[in-house]
$ cat entry27.txt   # compact mmCIF, C-alpha atoms and all ligand atoms
# COMPACT_ATOMS: atom_id res chain seq x y z
CA PRO A 1 -0.08 29.54 8.21
CA GLY A 2 -3.55 29.83 6.71
CA ASP A 3 -4.17 28.13 3.40
CA ALA A 4 -4.12 31.45 1.51
CA ASP A 5 -0.66 32.26 2.88
CA VAL A 6 0.58 28.82 1.95
CA GLN A 7 -0.57 29.28 -1.63
CA PHE A 8 0.96 32.71 -1.88
CA ALA A 9 4.32 31.50 -0.62
CA ALA A 10 4.31 28.56 -3.03
CA GLY A 11 5.47 30.56 -6.01
CA PRO A 12 4.81 29.56 -9.61
CA TRP A 13 3.96 25.90 -9.23
CA THR A 14 1.79 24.34 -11.91
CA SER A 15 -1.75 23.76 -10.74
CA LEU A 16 -4.04 20.80 -11.34
CA ASP A 17 -6.09 23.08 -13.63
CA ASP A 18 -3.16 23.16 -16.09
CA VAL A 19 -3.10 19.38 -16.58
CA PRO A 20 -4.69 18.13 -19.85
CA PRO A 21 -8.19 16.92 -18.83
CA GLU A 22 -7.88 13.52 -20.54
CA LEU A 23 -4.89 12.67 -18.33
CA LEU A 24 -6.93 13.45 -15.23
CA ARG A 25 -9.92 11.54 -16.53
CA ASP A 26 -7.90 8.35 -17.03
CA ARG A 27 -5.57 8.69 -14.08
CA ASN A 28 -7.25 6.01 -11.97
CA SER A 29 -7.13 3.27 -14.60
CA ASP A 30 -3.78 4.33 -16.08
CA PRO A 31 -1.86 6.92 -14.06
CA TYR A 32 1.39 6.59 -16.04
CA PRO A 33 0.72 9.13 -18.84
CA PHE A 34 -0.31 11.61 -16.12
CA PHE A 35 2.86 10.89 -14.14
CA ALA A 36 5.03 11.24 -17.28
CA TRP A 37 3.39 14.61 -17.99
CA LEU A 38 4.10 15.72 -14.41
CA ARG A 39 7.77 14.74 -14.58
CA ARG A 40 8.15 16.64 -17.85
CA ASN A 41 6.03 19.69 -17.11
CA ALA A 42 5.39 19.97 -13.40
CA PRO A 43 7.72 17.96 -11.16
CA VAL A 44 5.84 19.61 -8.30
CA LEU A 45 2.11 20.08 -8.82
CA HIS A 46 -0.14 22.17 -6.63
CA GLU A 47 -3.65 20.84 -6.03
CA ARG A 48 -6.32 22.74 -4.21
CA LYS A 49 -8.78 20.17 -2.91
CA ARG A 50 -12.54 20.70 -2.78
CA SER A 51 -12.16 20.76 1.01
CA GLY A 52 -9.99 23.88 0.57
CA LEU A 53 -6.79 22.08 1.58
CA SER A 54 -3.70 22.47 -0.59
CA VAL A 55 -1.50 19.52 -1.53
CA TRP A 56 1.87 19.57 -3.30
CA HIS A 57 2.52 16.44 -5.38
CA VAL A 58 6.15 15.55 -6.05
CA ALA A 59 6.84 13.42 -9.14
CA SER A 60 10.57 12.92 -9.84
CA HIS A 61 12.54 9.99 -8.47
CA ALA A 62 15.33 12.20 -7.09
CA ASP A 63 12.90 14.46 -5.19
CA VAL A 64 10.68 11.64 -3.89
CA ARG A 65 13.74 9.71 -2.81
CA ALA A 66 15.24 12.66 -0.95
CA LEU A 67 11.97 13.77 0.66
CA LEU A 68 11.01 10.29 1.93
CA SER A 69 13.77 10.63 4.50
CA ASP A 70 13.82 14.39 4.97
CA ALA A 71 13.29 15.25 8.65
CA ARG A 72 11.67 18.59 7.69
CA LEU A 73 8.65 16.58 6.54
CA SER A 74 6.54 15.39 9.44
CA LYS A 75 4.07 12.49 9.47
CA ARG A 76 1.78 14.12 12.05
CA PRO A 77 -1.52 15.04 10.35
CA GLU A 78 -2.58 17.26 13.25
CA LEU A 79 -0.05 19.87 12.05
CA VAL A 80 -2.68 20.80 9.45
CA PRO A 81 -5.80 21.19 11.59
CA ALA A 82 -8.41 20.48 8.90
CA TYR A 83 -6.58 17.43 7.62
CA VAL A 84 -7.78 13.99 8.77
CA PRO A 85 -6.33 11.08 6.80
CA GLY A 86 -8.13 7.81 7.46
CA PRO A 87 -10.87 7.17 10.03
CA ALA A 88 -10.74 10.00 12.58
CA GLY A 89 -10.91 7.75 15.64
CA LEU A 90 -8.14 5.43 14.46
CA ASN A 91 -5.36 7.84 13.59
CA ARG A 92 -2.98 7.13 16.44
CA HIS A 93 -0.32 4.78 15.08
CA LEU A 94 3.26 4.76 13.89
CA VAL A 95 2.56 5.96 10.35
CA HIS A 96 1.28 9.19 11.89
CA ALA A 97 4.15 9.76 14.31
CA ASP A 98 7.62 11.37 14.24
CA PRO A 99 10.63 10.39 16.36
CA PRO A 100 10.89 9.83 19.27
CA GLU A 101 7.26 8.66 19.49
CA HIS A 102 7.61 6.90 16.15
CA THR A 103 10.73 5.07 17.29
CA ARG A 104 8.92 3.71 20.35
CA LEU A 105 5.83 2.53 18.45
CA ARG A 106 7.89 1.06 15.63
CA ARG A 107 10.09 -0.91 18.03
CA LEU A 108 7.03 -2.58 19.56
CA VAL A 109 5.72 -3.70 16.18
CA ASN A 110 9.01 -4.47 14.48
CA ALA A 111 9.74 -7.57 16.56
CA ALA A 112 7.07 -9.52 14.67
CA PHE A 113 8.68 -8.80 11.29
CA ILE A 114 12.35 -9.62 11.82
CA PRO A 115 13.74 -12.09 9.21
CA ARG A 116 13.65 -15.10 11.56
CA ARG A 117 9.95 -14.59 12.36
CA VAL A 118 9.13 -13.99 8.69
CA ALA A 119 10.99 -17.13 7.58
CA ALA A 120 9.06 -19.17 10.15
CA LEU A 121 5.82 -18.16 8.41
CA GLU A 122 6.77 -19.63 5.03
CA PRO A 123 5.28 -23.13 5.64
CA LEU A 124 1.97 -21.55 6.65
CA ILE A 125 1.89 -19.30 3.57
CA THR A 126 2.73 -22.26 1.35
CA ARG A 127 0.01 -24.42 2.89
CA THR A 128 -2.63 -21.68 2.65
CA ALA A 129 -1.72 -20.93 -0.99
CA GLN A 130 -1.83 -24.64 -1.87
CA ASP A 131 -5.26 -25.04 -0.23
CA LEU A 132 -6.66 -22.04 -2.09
CA LEU A 133 -5.24 -23.21 -5.41
CA ALA A 134 -6.59 -26.73 -4.86
CA ARG A 135 -10.10 -25.24 -4.63
CA LEU A 136 -9.87 -23.54 -8.05
CA PRO A 137 -11.51 -25.35 -10.97
CA GLU A 138 -9.37 -26.92 -13.72
CA PHE A 139 -11.11 -24.83 -16.40
CA GLY A 140 -13.11 -21.64 -16.50
CA VAL A 141 -12.97 -18.07 -15.23
CA VAL A 142 -11.98 -17.19 -11.66
CA ASP A 143 -11.31 -13.90 -9.90
CA LEU A 144 -7.75 -14.12 -8.62
CA ILE A 145 -8.26 -11.27 -6.14
CA GLU A 146 -11.27 -12.78 -4.38
CA GLU A 147 -10.34 -16.46 -4.73
CA PHE A 148 -6.61 -16.27 -4.09
CA ALA A 149 -4.79 -13.01 -3.26
CA MET A 150 -7.24 -11.64 -0.69
CA PRO A 151 -7.79 -14.76 1.46
CA LEU A 152 -4.09 -15.64 1.29
CA THR A 153 -2.82 -12.31 2.58
CA PHE A 154 -5.69 -11.64 4.99
CA ASN A 155 -5.42 -15.00 6.71
CA LEU A 156 -1.73 -14.45 7.13
CA ILE A 157 -1.96 -11.04 8.79
CA CYS A 158 -4.73 -12.42 11.03
CA THR A 159 -2.37 -15.21 12.09
CA ILE A 160 0.47 -12.77 12.78
CA LEU A 161 -1.78 -10.51 14.83
CA GLY A 162 -3.59 -13.41 16.50
CA VAL A 163 -7.11 -12.69 15.25
CA PRO A 164 -9.39 -15.58 16.28
CA ASP A 165 -11.26 -17.38 13.48
CA ALA A 166 -14.59 -15.96 14.59
CA LEU A 167 -13.30 -12.44 13.94
CA ASN A 168 -11.53 -13.29 10.68
CA THR A 169 -14.44 -13.28 8.25
CA ALA A 170 -15.47 -11.85 4.90
CA ARG A 171 -17.56 -9.33 6.86
CA THR A 172 -14.42 -8.16 8.68
CA ARG A 173 -12.65 -7.65 5.37
CA GLN A 174 -15.61 -5.62 4.19
CA ILE A 175 -15.55 -3.42 7.30
CA LEU A 176 -11.82 -2.78 6.88
CA ALA A 177 -12.03 -2.19 3.13
CA ALA A 178 -14.84 0.36 3.59
CA THR A 179 -12.46 2.68 5.43
CA VAL A 180 -9.86 2.72 2.66
CA ILE A 181 -12.20 4.36 0.19
CA PRO A 182 -14.56 6.16 2.56
CA SER A 183 -18.13 6.81 1.53
CA ALA A 184 -18.88 10.34 0.30
CA ASP A 185 -21.89 10.30 2.60
CA ALA A 186 -20.97 11.56 6.10
CA ALA A 187 -23.65 9.53 7.90
CA ARG A 188 -22.56 6.34 6.14
CA ARG A 189 -18.92 7.14 6.94
CA ALA A 190 -19.77 7.54 10.63
CA VAL A 191 -21.48 4.13 10.65
CA GLN A 192 -18.46 2.52 8.95
CA GLU A 193 -16.08 4.03 11.48
CA ARG A 194 -18.24 2.93 14.38
CA GLU A 195 -18.38 -0.63 13.05
CA LEU A 196 -14.63 -0.66 12.70
CA ARG A 197 -14.02 0.66 16.21
CA GLU A 198 -16.44 -1.87 17.66
CA TYR A 199 -14.65 -4.62 15.80
CA LEU A 200 -11.23 -3.54 17.06
CA LEU A 201 -12.46 -3.14 20.63
CA ALA A 202 -13.86 -6.69 20.48
CA LEU A 203 -10.50 -7.90 19.22
CA VAL A 204 -8.59 -6.19 22.02
CA ALA A 205 -11.12 -7.41 24.62
CA HIS A 206 -10.59 -10.96 23.36
CA LYS A 207 -6.82 -10.61 23.84
CA ARG A 208 -7.25 -9.11 27.30
CA ALA A 209 -9.56 -11.92 28.38
CA HIS A 210 -6.98 -14.46 27.23
CA ALA A 211 -4.16 -12.65 28.99
CA ALA A 212 -6.26 -12.46 32.21
CA ALA A 213 -6.99 -16.19 31.97
CA GLY A 214 -3.26 -16.79 31.81
CA VAL A 215 -3.36 -18.08 28.21
CA ALA A 216 0.01 -17.11 26.78
CA GLU A 217 -0.33 -16.21 23.12
CA ALA A 218 2.78 -15.54 21.06
CA ASP A 219 1.07 -13.21 18.64
CA LEU A 220 1.56 -9.54 17.89
CA LEU A 221 -1.71 -8.21 19.23
CA GLY A 222 -1.24 -10.17 22.48
CA ALA A 223 2.21 -8.57 22.80
CA LEU A 224 0.80 -5.10 22.08
CA VAL A 225 -1.95 -5.57 24.66
CA ALA A 226 0.68 -6.66 27.18
CA ALA A 227 2.72 -3.56 26.32
CA HIS A 228 -0.38 -1.45 26.85
CA ASP A 229 -1.00 -2.97 30.26
CA GLY A 230 2.67 -2.98 31.18
CA SER A 231 5.23 -0.22 31.40
CA ASP A 232 5.76 0.68 27.77
CA HIS A 233 2.84 3.13 27.73
CA LEU A 234 0.95 2.03 24.64
CA GLY A 235 -2.23 4.05 25.13
CA GLU A 236 -5.66 2.63 24.33
CA GLU A 237 -6.01 4.78 21.20
CA GLU A 238 -2.54 3.77 20.02
CA LEU A 239 -3.39 0.13 20.61
CA ILE A 240 -6.55 0.25 18.53
CA GLY A 241 -4.94 2.47 15.91
CA THR A 242 -1.98 0.11 15.53
CA ALA A 243 -4.22 -2.96 15.28
CA TYR A 244 -6.21 -1.19 12.55
CA LEU A 245 -3.08 -0.12 10.67
CA LEU A 246 -1.56 -3.59 10.66
CA LEU A 247 -4.76 -5.38 9.71
CA LEU A 248 -5.22 -3.02 6.82
CA VAL A 249 -1.74 -2.52 5.37
CA GLY A 250 -0.84 -6.10 6.24
CA HIS A 251 -2.98 -7.43 3.41
CA ASP A 252 -4.22 -4.59 1.22
CA THR A 253 -0.83 -3.79 -0.27
CA THR A 254 0.22 -7.38 -0.87
CA VAL A 255 -3.08 -8.16 -2.60
CA ASN A 256 -2.18 -5.36 -4.99
CA LEU A 257 1.30 -6.74 -5.56
CA ILE A 258 -0.15 -10.12 -6.49
CA GLY A 259 -2.97 -8.57 -8.58
CA ASN A 260 -0.98 -5.85 -10.38
CA GLY A 261 1.96 -8.23 -10.76
CA MET A 262 -0.09 -11.03 -12.28
CA LEU A 263 -1.74 -8.55 -14.65
CA ALA A 264 1.67 -7.26 -15.76
CA LEU A 265 2.89 -10.82 -16.39
CA LEU A 266 -0.24 -11.75 -18.35
CA ARG A 267 0.15 -8.63 -20.50
CA HIS A 268 3.77 -9.56 -21.25
CA PRO A 269 3.63 -13.22 -22.34
CA GLY A 270 7.28 -13.16 -23.46
CA GLU A 271 8.43 -12.15 -19.98
CA LEU A 272 6.07 -14.67 -18.37
CA LEU A 273 7.55 -17.45 -20.50
CA ARG A 274 11.03 -16.27 -19.55
CA LEU A 275 10.11 -16.60 -15.86
CA ARG A 276 8.64 -20.05 -16.39
CA GLU A 277 11.86 -21.15 -18.11
CA GLU A 278 14.19 -19.45 -15.62
CA PRO A 279 12.62 -19.72 -12.14
CA ASP A 280 15.79 -18.19 -10.65
CA LEU A 281 14.47 -14.90 -11.97
CA MET A 282 11.78 -14.89 -9.25
CA PRO A 283 13.52 -12.48 -6.81
CA SER A 284 14.28 -9.89 -9.52
CA THR A 285 10.78 -10.46 -10.96
CA ILE A 286 9.20 -9.42 -7.68
CA GLU A 287 11.33 -6.28 -7.50
CA GLU A 288 10.40 -5.42 -11.08
CA LEU A 289 6.68 -5.99 -10.45
CA LEU A 290 6.93 -3.74 -7.39
CA ARG A 291 8.53 -1.05 -9.55
CA TYR A 292 6.45 -1.46 -12.70
CA ASP A 293 2.99 -1.10 -11.14
CA SER A 294 3.61 -0.12 -7.52
CA PRO A 295 0.91 -1.25 -5.05
CA VAL A 296 1.24 2.07 -3.20
CA ARG A 297 1.30 4.75 -5.89
CA ASP A 298 1.47 7.69 -3.51
CA ALA A 299 3.36 7.55 -0.22
CA THR A 300 0.95 8.64 2.43
CA PHE A 301 1.10 12.39 3.05
CA ARG A 302 3.73 14.37 4.86
CA VAL A 303 3.53 17.91 6.31
CA SER A 304 6.40 20.37 5.77
CA THR A 305 7.61 21.90 9.03
CA ALA A 306 10.00 24.27 7.19
CA PRO A 307 10.24 25.60 3.63
CA VAL A 308 11.55 22.91 1.27
CA GLU A 309 13.46 24.04 -1.79
CA LEU A 310 13.12 21.98 -4.93
CA THR A 311 14.15 22.61 -8.53
CA GLY A 312 11.98 25.50 -9.62
CA GLY A 313 10.55 26.72 -6.32
CA VAL A 314 9.90 26.28 -2.63
CA ILE A 315 7.23 24.24 -0.86
CA PRO A 316 6.29 26.43 2.08
CA ALA A 317 6.09 25.33 5.69
CA GLY A 318 2.73 23.93 6.79
CA ALA A 319 1.95 22.32 3.43
CA ILE A 320 0.62 18.82 2.77
CA VAL A 321 3.13 17.01 0.56
CA SER A 322 2.35 13.85 -1.40
CA LEU A 323 5.25 11.81 -2.72
CA LEU A 324 4.29 10.00 -5.92
CA ILE A 325 6.04 6.65 -5.62
CA GLY A 326 4.32 5.34 -8.76
CA SER A 327 5.80 8.22 -10.75
CA ALA A 328 9.26 8.00 -9.15
CA ASN A 329 9.44 4.34 -10.14
CA ARG A 330 8.91 5.19 -13.83
CA ASP A 331 11.41 8.07 -13.99
CA ALA A 332 13.76 7.79 -17.01
CA ALA A 333 16.31 9.89 -15.13
CA TRP A 334 16.75 6.91 -12.79
CA PHE A 335 15.70 3.76 -14.73
CA ALA A 336 16.68 2.72 -18.26
CA GLU A 337 13.53 2.27 -20.39
CA PRO A 338 11.26 2.69 -17.34
CA ASP A 339 8.05 1.71 -19.17
CA ARG A 340 9.48 -1.66 -20.18
CA LEU A 341 8.85 -4.69 -17.95
CA ASP A 342 12.22 -6.41 -17.58
CA LEU A 343 12.14 -9.27 -15.09
CA ALA A 344 15.94 -9.33 -14.89
CA ARG A 345 16.33 -5.56 -14.35
CA GLN A 346 19.55 -4.71 -12.49
CA PRO A 347 19.98 -2.47 -10.63
CA ASN A 348 16.42 -1.88 -9.53
CA ASP A 349 16.47 0.78 -6.89
CA HIS A 350 12.70 1.32 -6.69
CA LEU A 351 10.87 3.13 -3.91
CA ALA A 352 7.84 0.83 -3.70
CA PHE A 353 8.40 0.22 0.03
CA GLY A 354 9.29 3.84 0.76
CA ARG A 355 12.60 4.83 2.32
CA GLY A 356 14.03 6.27 5.52
CA PRO A 357 12.52 5.98 9.01
CA HIS A 358 9.08 4.92 7.72
CA PHE A 359 10.44 2.26 5.34
CA CYS A 360 7.87 -0.54 5.14
CA ILE A 361 8.03 -2.84 8.16
CA GLY A 362 6.41 -5.65 6.17
CA ALA A 363 8.75 -5.57 3.15
CA ALA A 364 10.43 -8.94 3.86
CA LEU A 365 7.06 -10.54 4.57
CA ALA A 366 5.48 -9.12 1.40
CA ARG A 367 8.41 -10.31 -0.73
CA MET A 368 8.14 -13.80 0.71
CA GLU A 369 4.35 -13.95 0.26
CA ALA A 370 4.75 -12.83 -3.36
CA ARG A 371 7.50 -15.37 -4.07
CA VAL A 372 5.37 -18.23 -2.74
CA ALA A 373 2.16 -16.94 -4.37
CA PHE A 374 3.59 -16.41 -7.88
CA GLY A 375 5.61 -19.64 -7.76
CA LEU A 376 2.67 -21.86 -6.80
CA LEU A 377 0.13 -20.04 -8.96
CA LEU A 378 2.21 -20.33 -12.13
CA ALA A 379 2.99 -23.98 -11.46
CA ARG A 380 -0.70 -24.78 -10.84
CA CYS A 381 -1.96 -22.81 -13.88
CA PRO A 382 0.29 -23.48 -16.89
CA ARG A 383 -2.15 -21.91 -19.36
CA ILE A 384 -3.52 -19.01 -17.34
CA SER A 385 -4.65 -15.99 -19.39
CA LEU A 386 -6.67 -12.79 -18.98
CA ALA A 387 -10.42 -13.41 -19.16
CA PHE A 388 -11.30 -9.80 -20.06
CA ARG A 389 -9.84 -6.95 -22.05
CA VAL A 390 -7.50 -4.78 -20.00
CA GLU A 391 -9.76 -1.74 -20.75
CA ASP A 392 -12.63 -3.50 -18.99
CA LEU A 393 -10.79 -4.11 -15.72
CA THR A 394 -11.87 -1.88 -12.86
CA TRP A 395 -9.40 -0.23 -10.54
CA ARG A 396 -10.20 0.76 -7.00
CA PRO A 397 -10.86 4.50 -6.80
CA SER A 398 -7.99 5.30 -4.43
CA ARG A 399 -5.19 7.86 -4.82
CA VAL A 400 -2.87 6.11 -2.39
CA MET A 401 -3.31 2.45 -3.32
CA ARG A 402 -3.15 1.09 -6.84
CA GLY A 403 -5.12 -2.13 -7.07
CA LEU A 404 -7.72 -3.97 -9.10
CA GLU A 405 -11.25 -4.57 -7.88
CA ARG A 406 -11.18 -7.95 -9.63
CA LEU A 407 -8.73 -9.88 -11.80
CA PRO A 408 -10.75 -12.40 -13.83
CA VAL A 409 -8.48 -15.00 -15.42
CA MET A 410 -9.12 -18.03 -17.59
CA LEU A 411 -7.67 -21.31 -16.33
CA GLY A 412 -6.89 -24.35 -18.45
C1 LIG B 501 5.02 1.51 5.46
C2 LIG B 501 4.50 -0.21 0.96
C3 LIG B 501 3.33 -4.60 2.73
C4 LIG B 501 3.39 -2.74 7.19
C5 LIG B 501 5.00 1.40 4.09
C6 LIG B 501 5.37 2.46 3.18
C7 LIG B 501 5.21 1.98 1.92
C8 LIG B 501 4.76 0.61 2.03
C9 LIG B 501 5.44 2.74 0.62
C10 LIG B 501 5.90 3.85 3.56
C11 LIG B 501 4.81 4.89 3.72
C12 LIG B 501 5.37 6.27 3.97
O1 LIG B 501 6.59 6.47 4.03
O2 LIG B 501 4.55 7.19 4.10
C13 LIG B 501 4.14 -1.55 1.06
C14 LIG B 501 4.00 -2.43 -0.07
C15 LIG B 501 3.67 -3.67 0.43
C16 LIG B 501 3.62 -3.55 1.87
C17 LIG B 501 4.18 -2.02 -1.52
C18 LIG B 501 3.39 -4.97 -0.28
C19 LIG B 501 3.74 -5.24 -1.48
C20 LIG B 501 3.25 -4.49 4.08
C21 LIG B 501 2.94 -5.56 4.99
C22 LIG B 501 2.94 -5.03 6.25
C23 LIG B 501 3.28 -3.62 6.12
C24 LIG B 501 2.67 -7.01 4.57
C25 LIG B 501 2.69 -5.64 7.59
C26 LIG B 501 2.25 -6.79 7.83
C27 LIG B 501 3.81 -1.44 7.08
C28 LIG B 501 3.91 -0.53 8.22
C29 LIG B 501 4.38 0.69 7.72
C30 LIG B 501 4.56 0.52 6.29
C31 LIG B 501 3.57 -0.87 9.66
C32 LIG B 501 4.64 1.97 8.51
C33 LIG B 501 6.08 2.06 8.90
C34 LIG B 501 6.38 3.34 9.63
O3 LIG B 501 5.61 4.32 9.54
O4 LIG B 501 7.41 3.36 10.32
N1 LIG B 501 4.65 0.27 3.36
N2 LIG B 501 3.91 -2.25 2.21
N3 LIG B 501 3.47 -3.33 4.81
N4 LIG B 501 4.21 -0.78 5.94
FE1 LIG B 501 4.15 -1.54 4.10
$ encode --input "entry27.txt" --output "structure tokens"
Amino acid sequence: PGDADVQFAAGPWTSLDDVPPELLRDRNSDPYPFFAWLRRNAPVLHERKRSGLSVWHVASHADVRALLSDARLSKRPELVPAYVPGPAGLNRHLVHADPPEHTRLRRLVNAAFIPRRVAALEPLITRTAQDLLARLPEFGVVDLIEEFAMPLTFNLICTILGVPDALNTARTRQILAATVIPSADAARRAVQERELREYLLALVAHKRAHAAAGVAEADLLGALVAAHDGSDHLGEEELIGTAYLLLLVGHDTTVNLIGNGMLALLRHPGELLRLREEPDLMPSTIEELLRYDSPVRDATFRVSTAPVELTGGVIPAGAIVSLLIGSANRDAAWFAEPDRLDLARQPNDHLAFGRGPHFCIGAALARMEARVAFGLLLARCPRISLAFRVEDLTWRPSRVMRGLERLPVMLG
């Protein structure tokens, strides 16, 4: 259907124009008052984007939970012709596929993230974290994102994929990061996408050359290249798209878990002390940090392939649907005192890793990275505190990811 038909069929949904302007103004730095307003007043919100596209945002835990695994919602962006999430030339990967294609792509990638493979990475994560922490000064201000979370998680995903040192650089991180929050300038965007494609092609060429030379490499990208050249039909575009996806989500999200999580702990000194005194709380702490300030605040889009009935109205077929994980995880209908940070919270049935067929492949890895990172960081920095007022922290201007640009802390 055309966009006008979609809007007509949508019925009386609240529109973005009805939201109090101050909630919209502050929604990047503090989305929670906006989310609370949505759950109370507009559990489904209709937004008409400047591009002319319509998006339906879903805010309640029950709806987000149900829709994350509802087969009427597709993950194929091409169902809405004008919609292009992410860099246009790198869209072919499992996040943008439905079964059976999704099942095939996911199976190829999943092997690298089974519990045995994840457990085998723990010594490497520990060593990398220890090295990074050893480089921090005893006293003074450091940026935990740049000096700790980013290199820790990026080096790890590069190891899993098999990215050679020469292609694992700060410049690479910059090229990848540029595509998450694309430039408003079309010419600049085109340059960024070209740089990224060139980078990924160089990476794949490196793997091919090694395979041709008979160098067996037990890494994920080597395996994907072999699958491409073998019988499992991983096309060139899928290969590059998958490499891009993994490089990006493999570190970006976990950086946010470490950054948002550390900020939450520093803002709740009583809870931080509790964790220091009861280290057994670490597993439930990580779940609570995932819930309290979720690294992915909005599940990536879905497209409705049939009308979807929700309390109060129907989302028509052909609509872009955004599932607000950050809101679902603060819903009082599901969690007792949802705005309170409680490191021992039980049960804690959050949706931070999604749910259903697209449930996060890297969940076990992210949990392990976070456990090691928080454990070593707190042990190394017994008097760590925030170096700036919370109001002065800057958040990355993304609707999908929730993460800090920098987290300056005072050591010693
Ligand atoms: C999917 C969150 C870490 C790889 C997802 C989804 C969420 C999520 C919410 C579902 C998206 C949707 O349904 O539309 C997170 C969070 C992380 C994290 C909060 C860290 C705290 C990782 C890591 C990796 C990874 C470390 C890989 C190394 C993936 C992949 C998918 C995915 C490949 C797509 C699965 C599919 O479409 O079948 N993640 N993720 N994630 N995640 Fe993660």
$ residues_near_ligand --input "entry27.txt" --ligand "ligand LIG 501 (chain B)" --cutoff "7 Å" --atoms "only C-alpha atoms and all ligand atoms" --output "PyMOL selection string"
chain A and resi 68+94-96+102+106+157+245-246+249-251+253-254+256-257+290+294-296+299-301+352-355+357-363+365-367
$ residues_around --input "entry27.txt" --residues "A:Gly259" --least-positions-apart "4" --cutoff "7 Å" --atoms "all atoms listed in the file" --output "PDB file with C-alpha atoms, keeping the file's coordinate frame"
ATOM      1  CA  ILE A 145      -8.260 -11.270  -6.140  1.00  0.00           C
ATOM      2  CA  VAL A 255      -3.080  -8.160  -2.600  1.00  0.00           C
ATOM      3  CA  LEU A 263      -1.740  -8.550 -14.650  1.00  0.00           C
ATOM      4  CA  GLY A 403      -5.120  -2.130  -7.070  1.00  0.00           C
ATOM      5  CA  LEU A 404      -7.720  -3.970  -9.100  1.00  0.00           C
ATOM      6  CA  LEU A 407      -8.730  -9.880 -11.800  1.00  0.00           C
TER       7      LEU A 407
END
$ closest_residue --input "entry27.txt" --among "A:Pro21, A:Pro164, A:Pro99, A:Pro283" --to "A:Glu369" --atoms "only C-alpha atoms"
A:Pro283
$ residues_around --input "entry27.txt" --residues "A:Val19" --least-positions-apart "6" --cutoff "9 Å" --atoms "all atoms listed in the file" --output "PyMOL selection string"
chain A and resi 34+37-38
$ closest_residue --input "entry27.txt" --among "A:Arg276, A:Asp293, A:Met368, A:Gln130" --to "A:Asp339" --atoms "only C-alpha atoms"
A:Asp293
$ atom_distance --input "entry27.txt" --atom1 "atom CA of A:Glu147" --atom2 "atom CA of A:Tyr32"
28.2 Å
$ atom_distance --input "entry27.txt" --atom1 "atom CA of A:Arg302" --atom2 "atom CA of A:Ala59"
14.4 Å
$ residues_around --input "entry27.txt" --residues "A:Trp395" --least-positions-apart "2" --cutoff "9 Å" --atoms "only C-alpha atoms" --output "PyMOL selection string"
chain A and resi 28-29+393+397-398+402-406
$ closest_residue --input "entry27.txt" --among "A:Ile114, A:Ile258, A:Leu247, A:Leu90" --to "A:Glu193" --atoms "only C-alpha atoms"
A:Leu90
$ residues_around --input "entry27.txt" --residues "A:Pro31" --least-positions-apart "2" --cutoff "10 Å" --atoms "all atoms listed in the file" --output "number ranges by chain"
A: 23-29, 33-36, 293, 297, 326-327, 399, 402
$ write_last_selection --input "entry27.txt" --atoms "C-alpha atoms" --output "PDB file, in the coordinates of the input"
ATOM      1  CA  LEU A  23      -4.890  12.670 -18.330  1.00  0.00           C
ATOM      2  CA  LEU A  24      -6.930  13.450 -15.230  1.00  0.00           C
ATOM      3  CA  ARG A  25      -9.920  11.540 -16.530  1.00  0.00           C
ATOM      4  CA  ASP A  26      -7.900   8.350 -17.030  1.00  0.00           C
ATOM      5  CA  ARG A  27      -5.570   8.690 -14.080  1.00  0.00           C
ATOM      6  CA  ASN A  28      -7.250   6.010 -11.970  1.00  0.00           C
ATOM      7  CA  SER A  29      -7.130   3.270 -14.600  1.00  0.00           C
ATOM      8  CA  PRO A  33       0.720   9.130 -18.840  1.00  0.00           C
ATOM      9  CA  PHE A  34      -0.310  11.610 -16.120  1.00  0.00           C
ATOM     10  CA  PHE A  35       2.860  10.890 -14.140  1.00  0.00           C
ATOM     11  CA  ALA A  36       5.030  11.240 -17.280  1.00  0.00           C
ATOM     12  CA  ASP A 293       2.990  -1.100 -11.140  1.00  0.00           C
ATOM     13  CA  ARG A 297       1.300   4.750  -5.890  1.00  0.00           C
ATOM     14  CA  GLY A 326       4.320   5.340  -8.760  1.00  0.00           C
ATOM     15  CA  SER A 327       5.800   8.220 -10.750  1.00  0.00           C
ATOM     16  CA  ARG A 399      -5.190   7.860  -4.820  1.00  0.00           C
ATOM     17  CA  ARG A 402      -3.150   1.090  -6.840  1.00  0.00           C
TER      18      ARG A 402
END
$ closest_residue --input "entry27.txt" --among "A:Ala227, A:Ile125, A:Leu196, A:Gly270" --to "A:Ala211" --atoms "all atoms listed in the file"
A:Ala227
$ closest_residue --input "entry27.txt" --among "A:Gly162, A:Pro81, A:Pro123, A:Gly89" --to "A:Glu236" --atoms "all atoms listed in the file"
A:Gly89
$ atom_distance --input "entry27.txt" --atom1 "atom CA of A:Met401" --atom2 "atom CA of A:Gln192"
19.5 Å
$ closest_residue --input "entry27.txt" --among "A:Val141, A:Leu167, A:Leu289, A:Val109" --to "A:Ala344" --atoms "all atoms listed in the file"
A:Leu289
$ residues_around --input "entry27.txt" --residues "A:Glu198" --least-positions-apart "3" --cutoff "12 Å" --atoms "only C-alpha atoms" --output "compact mmCIF listing (two decimals) with C-alpha atoms, in the frame of the given file"
# COMPACT_ATOMS: atom_id res chain seq x y z
CA GLY A 89 -10.91 7.75 15.64
CA LEU A 90 -8.14 5.43 14.46
CA LEU A 167 -13.30 -12.44 13.94
CA THR A 172 -14.42 -8.16 8.68
CA ILE A 175 -15.55 -3.42 7.30
CA LEU A 176 -11.82 -2.78 6.88
CA VAL A 191 -21.48 4.13 10.65
CA GLN A 192 -18.46 2.52 8.95
CA GLU A 193 -16.08 4.03 11.48
CA ARG A 194 -18.24 2.93 14.38
CA GLU A 195 -18.38 -0.63 13.05
CA LEU A 201 -12.46 -3.14 20.63
CA ALA A 202 -13.86 -6.69 20.48
CA LEU A 203 -10.50 -7.90 19.22
CA VAL A 204 -8.59 -6.19 22.02
CA ALA A 205 -11.12 -7.41 24.62
CA ILE A 240 -6.55 0.25 18.53
CA TYR A 244 -6.21 -1.19 12.55
